[in-house]
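Read through the structure below, which is laid out as C-alpha cells, and then see the notes.
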Amino acid sequence: MSRGSENSGLSTLRRPTRPWLILFSLLLIGALAAAACGGASDSSSDRESTPSDERAERQSGTPTADDADAADDADPGAAEEADPGAEPAAEPAAGRVSGQLRISRNEPITLDPARVTDTVSASYVVEIFGGLVSLDPELNIVADLAEDLPSVRNNNDGSVTYIFVLRRDAVFQNGRRVTADDVKWSIERHSAPETLSPTAIDYVGDIVGARDYIRGRVDAIDGIEVIDDRTIEITVDSAKPYFLAKLTYPTAFVVDRNQVESDPQNWARNPNGTGPFKLRSWQLGEAIVLEPHERYHLGASTLESVRIRFAGGGLTQYENQEVDIADVGVNDIERVRDPDSALNAVFVTRPELGVFYLAFNVEQPPFDDVLVRRAFGHAIDKQTIVEIVLQDLLPLAEGILPEGLAAHDEGFLGLAFDPDLAMSLIAESSYAGSPLLNNIRLTISGAGATPGSTIEAVQEMWRQNLGIEVEIQQVETANFFQELDRGLYQLFNIGWILDYPDPENVLDLKFHSQSRQNDTLYSSPEVDALLEEARVEQDTQTRLELYRQVENILVNEDAIWIPLFFTQANQVVKPYVSGYVPPRSVVPILRFITIDE
Amino acid sequence: MSSGLLLFILRRLLLVPPTLFVVLLITFALTQIAPGDPVRLITGSRSPDPEIAENIREEFGLSGGFIERFSDYTWNVVSDFDLGPSYFFRSPQRTVQELLGERLWVSGQLGLISLALIYLIGIPLGIIAALNRGNWKDPGLIGGLLVFDAIHVIVLVQLVMWILIFVVDDFLGFFGIAIPSVWESGNPASYVVPVFALTAPGLAGMARFVRVSVLTVMDEEYVRTARAKGLSERTVVIRHVFRNAMLPLSTFFVLSLVGVISGSIFVETLYGVPGVGRFIFDSVLQRDFNVLLGITLLFSTLIVLANLATDVLYVFIDPRIRYGGR
C-alpha cells in the first residue's frame, strides 16, 4: 500500500502527524523557536533520567514504594496533593490507567477490512480483525483462524487449491464461533462490486472466478468452496507462490455476516472481528481505545486496554509521560543517540518494508533516454544524504527490495556516485546541450512548507554535478496521485510500502507493463517475461534470483528508479513496556506487549 | 422595543437565507474547480479500477452535473439539515453533522472562553492605556501586547508549550498541575495552551481599539462639560467616557470572532485539539469537500447572525440610533 493518509513526501521521515510536520518546518525557520528548541533539549534530557530511574526503583522497590504506586495509579491527582515534592510532573493529571498502553497514530479512515488502502487504517484493522493466515512481527506467514498453514493440491488444469482447516476455538468478539461459511461470505462480501473495495482486484483477483465476480458478472466466486464447517478450499488460477501472502491482507479478513447485513453503512462503528483486540471507544478526532478480546484463540492480551491518540506521538509527549512509545525524528536523533541520555537506553530501530525513491517517466523527454536517467542517478551522493541530512536515521537503499524480504541482497549495488561519469553520460546522450535539460521539474507530494532537506540535497547535487537546475514542484496528495495516473510528471519522488513480504508486491505491481500501478510507463518485454516467470516459479531460490535480476535491470541498466533509502522505525519505548518490537510492516503487534507494574 | 426595531430585525433576518445561499453557491463552485479528486484520496496511491472509481463517485454523489449536485445538496441541507457524508471517513459512514458535533462543542468552549477573556482583559487594559496617555505606561502596555500579536500564533503555541511543559513544569507541578503537550479531553489543564494562544493575540487589537475609542470620547465636549460640572474623575470616566467609548466596541465583536475562528485552525492543529479548526485543516488536505462546505455554511451563519446581533445591540447602547423610523 502506499504510505498512509499522510503522503507528505520526504519531509515526513517517520509518519509524523501533521501538526508536527508544520511544527518542525517552522522550528527550523524561526530563530526564536530554534532557541526555544535548544533549550528544550537540555532541560528535557535531564527530565528523562528521572522517570526511568524512578521506574527502576519501582521494580526493585520496597513495599511502601509499591503502595505509593498503587495510590498513584488509582488517583494520581490525590497522590500529587499528598506528596507534591515527589516528581509531581511525572504523571499527567489524567494519569495512566493501570495496564493501559498509550500510543499515537493517525485516525483511521475506515475500519472496514474491504476498504482499507492506507497503512494507518490497516494498523487498526489488523488488530481488530483476522483472516485465515496472518504475518508475525518477523513477517513470517503464520496460521491465524486456520489451524495450520494450508495443504496444497495441484490440479490438472494448472490451478492450485489451498485447503484450510479452521481452528475449533476461533470465535468472534461476541462469542460466535467462526465457520468456513464466514470465511467464504467475508471474502465474497469484500469483493462484491457494491462494497467498493479498491484492493479486492489485486488481492483476491487470483482466486478462480474472482475477477468476474468483482466486476459484477457472476454471483459467486467459484474458487472458494466450503467443504464442511471447518474446511474451506481456495483455488487459485495458477501456482502463485505469493498468493498465501496476499491472504494476510485485510481484503481476506473475516467479518461478522449478521452484523454487516443488519447495518451495512454503520456496522464498523462497533465491529465484531476475530482479532486480538476489540474496539472499546472511538472519540472522533481524539482517540480510539482498544481492549483485549478475551477469548482470542492465539492467547488474549494481558493489557487492560490500548489508548491510541490521533495527535502528537513525538518525543515531547513521551518525555511528558503522555505516551509509552514515540517516534524519533531527525531533529531529536542527536539527543537520543547521546550515550549519556536516558533516552539512548530505550531507543530501538528496525528496518521496515518500504522504500523511498525518485522515479522517471520514461515517455517524457529527456528521460526517455536511458543515458540521461543514469546520469541523474550517478550524480547523487546517497551516502552523504543518509549521513548528513538524515543523520543515519534511515538505511541507504542501493536497490529496490528492502531488508526483511528474502530477495533482499546485502551485496547489491546501485548506480555509484560518480560525477565525472554522470557528466560524460549527459554528453553522450541525445539531449546533450538540449534546452530540455534546463527545464526539468521534480514533483513531490505533500503539504509541508518546504520540500524537505533530502530533496533539497538531491537538487543541489544535480546542480553541482550536472550543472542542471531542477525545479521542485510540491503537489498536495489529492492532486499528486491523480496527475501521476495521467502521466503528467517527468520526475517524481514518492515512497512505497509493501503490503506483504514478497518482491512481487513492488516489482510486478510497479514495473510490469500491464499493471495499472505502473506509473513510470516503463515497458520492457524482457522484464515482463522475467516477472511472469517469477509469478509461477515454484523453486524459492530460483524465484528470488529472478526478482534480483529484475531489480538489477531496473536500477542499473534501465535506471527507472533511483532508490534513495528504505524506511525504518526509530522509536523510544518506555522501560515498563515489554514484548514490543517495532513491526517491519503493518502486522498485529499489540497482543505481544505487556506492561510491567 | 419599538416596532421599527422589530421590522428592522425581521428584514435583516429575511436577508440571511439569500446571503447564505450566495455563500454556499460560491463555495460549492470553488470545490468544483479545486484540483484534486476525492476518489483518488479514497483509493490512496493505488490507481483504482475505472469501474470501481465510478462506483465510488456514485456513492458519494460525485457524479452528475453541477446544477443537479448543487440543488441536491441545498435541498438536503434545507429539508433535513443533512450536510452529506464525509468523503474521507467512511465505513462506518460519518455524516458531516456527526463529525462536527463533538468538535463544535470543544471549539465553542475554547472560542467563548477566549472571546470573554479578550474582552475582560482587553477593555481594562485599553482604558488604562488611554488614561496614561503621555507617559511610558501607555506605549509600554500596548507595545507589550503587540508582541503577542506580532508573533505568529504557530510560533506562539510552540513557545507557550515549551515554557509550560519544560521550563516552569516543576513550579506548576508543585500545585499539582501538569500541562499536557497534546490536548486531552477531560483534563482541565488542556485548556491552558489553546486558550492562551487564542486570547493573547487578540488582546492588542482590543486594547488599542478601546484606547482610541476612549481617547476620542475624552476629547468630546460633553466630557469637558462633565469635568467642568465638577464631577470626580472617576465618575467622568465611568459614566461618561466608558459608556460612550463602548459603542464602537460592539462592532469589534465580529472581528474578534473571526480572529478566534481563524486562529483556532492553527492552535487546534498544533495542539491536537479535536475541534473544528483542526478539522478544517485536515479536511482541506483530504479534499473532504462536504465537510468544508458544512463548516463554511456554519461559520457564515455565525458571522451573519453576529453582525445582526451587533446592529441590534447598538440600539440599546446608543439611544440616538433608531431603525426603521423616519
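FYI, nothing fancy with the C-alpha cells labels: chains A, B, ... in order, residues from 1 per chain, ligands from 1 as they appear.
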Contacts between chain A and chain B, please, where a residue of chain B counts if it comes within 7 Å (with only C-alpha atoms); show its shortest atom pair and distance in Å to one decimal, rows by chain and ascending number, as JSON lines.
{"residue": "B:Pro35", "atom": "CA", "partner": "A:Asn479", "partner_atom": "CA", "distance": 6.2}
{"residue": "B:Gly36", "atom": "CA", "partner": "A:Asn479", "partner_atom": "CA", "distance": 4.2}
{"residue": "B:Asp37", "atom": "CA", "partner": "A:Ala478", "partner_atom": "CA", "distance": 6.1}
{"residue": "B:Pro38", "atom": "CA", "partner": "A:Ala478", "partner_atom": "CA", "distance": 6.9}
{"residue": "B:Arg40", "atom": "CA", "partner": "A:Gln482", "partner_atom": "CA", "distance": 6.2}
{"residue": "B:Leu41", "atom": "CA", "partner": "A:Ala478", "partner_atom": "CA", "distance": 5.5}
{"residue": "B:Thr43", "atom": "CA", "partner": "A:Pro198", "partner_atom": "CA", "distance": 5.9}
{"residue": "B:Gly44", "atom": "CA", "partner": "A:Thr117", "partner_atom": "CA", "distance": 6.0}
{"residue": "B:Ser45", "atom": "CA", "partner": "A:Ser2", "partner_atom": "CA", "distance": 5.4}
{"residue": "B:Arg46", "atom": "CA", "partner": "A:Gln517", "partner_atom": "CA", "distance": 6.6}
{"residue": "B:Ser47", "atom": "CA", "partner": "A:Gln517", "partner_atom": "CA", "distance": 5.9}
{"residue": "B:Pro48", "atom": "CA", "partner": "A:Pro198", "partner_atom": "CA", "distance": 6.1}
{"residue": "B:Ile52", "atom": "CA", "partner": "A:Leu196", "partner_atom": "CA", "distance": 6.1}
{"residue": "B:Asn55", "atom": "CA", "partner": "A:Leu196", "partner_atom": "CA", "distance": 6.8}
{"residue": "B:Ile56", "atom": "CA", "partner": "A:Leu196", "partner_atom": "CA", "distance": 6.3}
{"residue": "B:Phe88", "atom": "CA", "partner": "A:Ile109", "partner_atom": "CA", "distance": 6.3}
{"residue": "B:Phe89", "atom": "CA", "partner": "A:Ile109", "partner_atom": "CA", "distance": 4.8}
{"residue": "B:Arg90", "atom": "CA", "partner": "A:Thr110", "partner_atom": "CA", "distance": 5.5}
{"residue": "B:Ser91", "atom": "CA", "partner": "A:Thr110", "partner_atom": "CA", "distance": 5.5}
{"residue": "B:Pro92", "atom": "CA", "partner": "A:Asn266", "partner_atom": "CA", "distance": 4.6}
{"residue": "B:Gln93", "atom": "CA", "partner": "A:Gln265", "partner_atom": "CA", "distance": 5.8}
{"residue": "B:Leu99", "atom": "CA", "partner": "A:Leu284", "partner_atom": "CA", "distance": 6.9}
{"residue": "B:Val155", "atom": "CA", "partner": "A:Ala33", "partner_atom": "CA", "distance": 6.7}
{"residue": "B:Leu159", "atom": "CA", "partner": "A:Ala36", "partner_atom": "CA", "distance": 6.9}
{"residue": "B:Trp162", "atom": "CA", "partner": "A:Ala40", "partner_atom": "CA", "distance": 6.8}
{"residue": "B:Phe166", "atom": "CA", "partner": "A:Ala40", "partner_atom": "CA", "distance": 6.4}
{"residue": "B:Asp169", "atom": "CA", "partner": "A:Ala89", "partner_atom": "CA", "distance": 6.8}
{"residue": "B:Asp170", "atom": "CA", "partner": "A:Ala89", "partner_atom": "CA", "distance": 6.7}
{"residue": "B:Gly173", "atom": "CA", "partner": "A:Pro88", "partner_atom": "CA", "distance": 5.1}
{"residue": "B:Phe174", "atom": "CA", "partner": "A:Pro84", "partner_atom": "CA", "distance": 5.6}
{"residue": "B:Gly176", "atom": "CA", "partner": "A:Glu80", "partner_atom": "CA", "distance": 5.8}
{"residue": "B:Ile177", "atom": "CA", "partner": "A:Ala93", "partner_atom": "CA", "distance": 6.8}
{"residue": "B:Ala178", "atom": "CA", "partner": "A:Pro92", "partner_atom": "CA", "distance": 5.4}
{"residue": "B:Pro180", "atom": "CA", "partner": "A:Pro92", "partner_atom": "CA", "distance": 6.7}
{"residue": "B:Ser181", "atom": "CA", "partner": "A:Gln317", "partner_atom": "CA", "distance": 5.8}
{"residue": "B:Val182", "atom": "CA", "partner": "A:Gly312", "partner_atom": "CA", "distance": 6.2}
{"residue": "B:Asn187", "atom": "CA", "partner": "A:Ala94", "partner_atom": "CA", "distance": 5.9}
{"residue": "B:Thr269", "atom": "CA", "partner": "A:Pro19", "partner_atom": "CA", "distance": 5.4}
{"residue": "B:Leu270", "atom": "CA", "partner": "A:Pro19", "partner_atom": "CA", "distance": 4.7}
{"residue": "B:Gly272", "atom": "CA", "partner": "A:Ala311", "partner_atom": "CA", "distance": 5.0}
{"residue": "B:Pro274", "atom": "CA", "partner": "A:Gly285", "partner_atom": "CA", "distance": 4.8}
{"residue": "B:Gln286", "atom": "CA", "partner": "A:Ala478", "partner_atom": "CA", "distance": 7.0}
{"residue": "B:Arg287", "atom": "CA", "partner": "A:Ala478", "partner_atom": "CA", "distance": 7.0}
Item to check | Spatial neighbours of stretch 358-375 of chain A, 6 Å, only C-alpha atoms, chain gap at least 2 places, as a ChimeraX atom specification | outcome: /A:377-378,422,425-426,429,490-493,520,559-562
Checklist entry - Quick one: DSSP alpha helix (DSSP H) residues in stretch 240-318 of chain B, as a ChimeraX atom specification? => result /B:243-245,249-271,276-285,289-317
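With only C-alpha atoms taken into account, the protein and nucleic acid residues at most 8 Å from B:Val217 (excluding it and anything under 5 positions from it in its own chain) are Val223, Val241, Asn244 and Ala245 of chain B.
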Restricted to N, CA and C atoms, what would the selected residues look like written as a JSON list (two decimals), in the first residue's frame?
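Once written, selection-v6.json looks like this:
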[["chain", "number", "residue", "atom", "x", "y", "z"],
["B", 223, "VAL", "N", -17.66, 65.55, 27.75],
["B", 223, "VAL", "CA", -16.75, 65.12, 28.80],
["B", 223, "VAL", "C", -16.16, 66.35, 29.50],
["B", 241, "VAL", "N", -17.31, 58.66, 29.88],
["B", 241, "VAL", "CA", -16.35, 58.18, 28.88],
["B", 241, "VAL", "C", -16.61, 56.72, 28.52],
["B", 244, "ASN", "N", -19.80, 55.70, 26.45],
["B", 244, "ASN", "CA", -19.79, 56.12, 25.05],
["B", 244, "ASN", "C", -18.68, 55.46, 24.26],
["B", 245, "ALA", "N", -17.60, 55.16, 24.97],
["B", 245, "ALA", "CA", -16.49, 54.51, 24.27],
["B", 245, "ALA", "C", -16.84, 53.08, 23.90]]
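Each of A:Glu456, A:Ile232, A:Val208, A:Asn344 was compared to A:Ile163 using only C-alpha atoms, and A:Ile232 turns out to be the nearest.
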Checklist entry - Hey, what's within 10 Å of A:Ser151 if we count only C-alpha atoms and toss same-chain stuff fewer than 6 positions away? As a PyMOL selection string, please? => result chain A and resi 161-165+233
Could you write out the selected residues, including N, CA and C atoms, as a PDB file, in the first residue's frame?
ATOM      1  N   THR A 161      -5.100 -25.637  -5.409  1.00  0.00           N
ATOM      2  CA  THR A 161      -6.094 -25.490  -4.353  1.00  0.00           C
ATOM      3  C   THR A 161      -5.421 -25.500  -2.986  1.00  0.00           C
ATOM      4  N   TYR A 162      -5.753 -24.491  -2.189  1.00  0.00           N
ATOM      5  CA  TYR A 162      -5.257 -24.439  -0.809  1.00  0.00           C
ATOM      6  C   TYR A 162      -6.371 -24.935   0.093  1.00  0.00           C
ATOM      7  N   ILE A 163      -6.043 -25.906   0.936  1.00  0.00           N
ATOM      8  CA  ILE A 163      -7.068 -26.466   1.823  1.00  0.00           C
ATOM      9  C   ILE A 163      -6.803 -25.993   3.248  1.00  0.00           C
ATOM     10  N   PHE A 164      -7.735 -25.208   3.756  1.00  0.00           N
ATOM     11  CA  PHE A 164      -7.592 -24.673   5.113  1.00  0.00           C
ATOM     12  C   PHE A 164      -8.532 -25.401   6.057  1.00  0.00           C
ATOM     13  N   VAL A 165      -8.035 -25.736   7.242  1.00  0.00           N
ATOM     14  CA  VAL A 165      -8.899 -26.272   8.286  1.00  0.00           C
ATOM     15  C   VAL A 165      -8.932 -25.246   9.414  1.00  0.00           C
ATOM     16  N   GLU A 233     -11.787 -24.630   0.862  1.00  0.00           N
ATOM     17  CA  GLU A 233     -10.780 -24.766  -0.190  1.00  0.00           C
ATOM     18  C   GLU A 233     -10.791 -23.527  -1.060  1.00  0.00           C
TER      19      GLU A 233
END
Next on the checklist: Taking only stretch 316-492 of chain A into account, list the residues labelled strand (DSSP E or B) by DSSP (computed from the backbone), as JSON, numbers by chain.
Outcome noted: {"A": [325, 326, 327, 347, 348, 349, 350, 351, 352, 353, 354, 355, 356, 357, 358, 359, 360, 396, 440, 441, 442, 443, 444, 445, 470, 471, 472, 473, 474, 475, 491, 492]}
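Nearest to A:Ala200 of all the residues A:Arg295, A:Lys510, A:Arg441, A:Lys246 is A:Lys246, counting only C-alpha atoms.
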Checklist entry - Skipping near chain neighbours, those fewer than 3 positions away, what residues fall within 10 Å of stretch 529-541 of chain A using only C-alpha atoms, listed as an MDAnalysis selection string? => result chainID A and resid 238:243 406:407 503:504 507:509 511:512 524:526 544:547 549:550
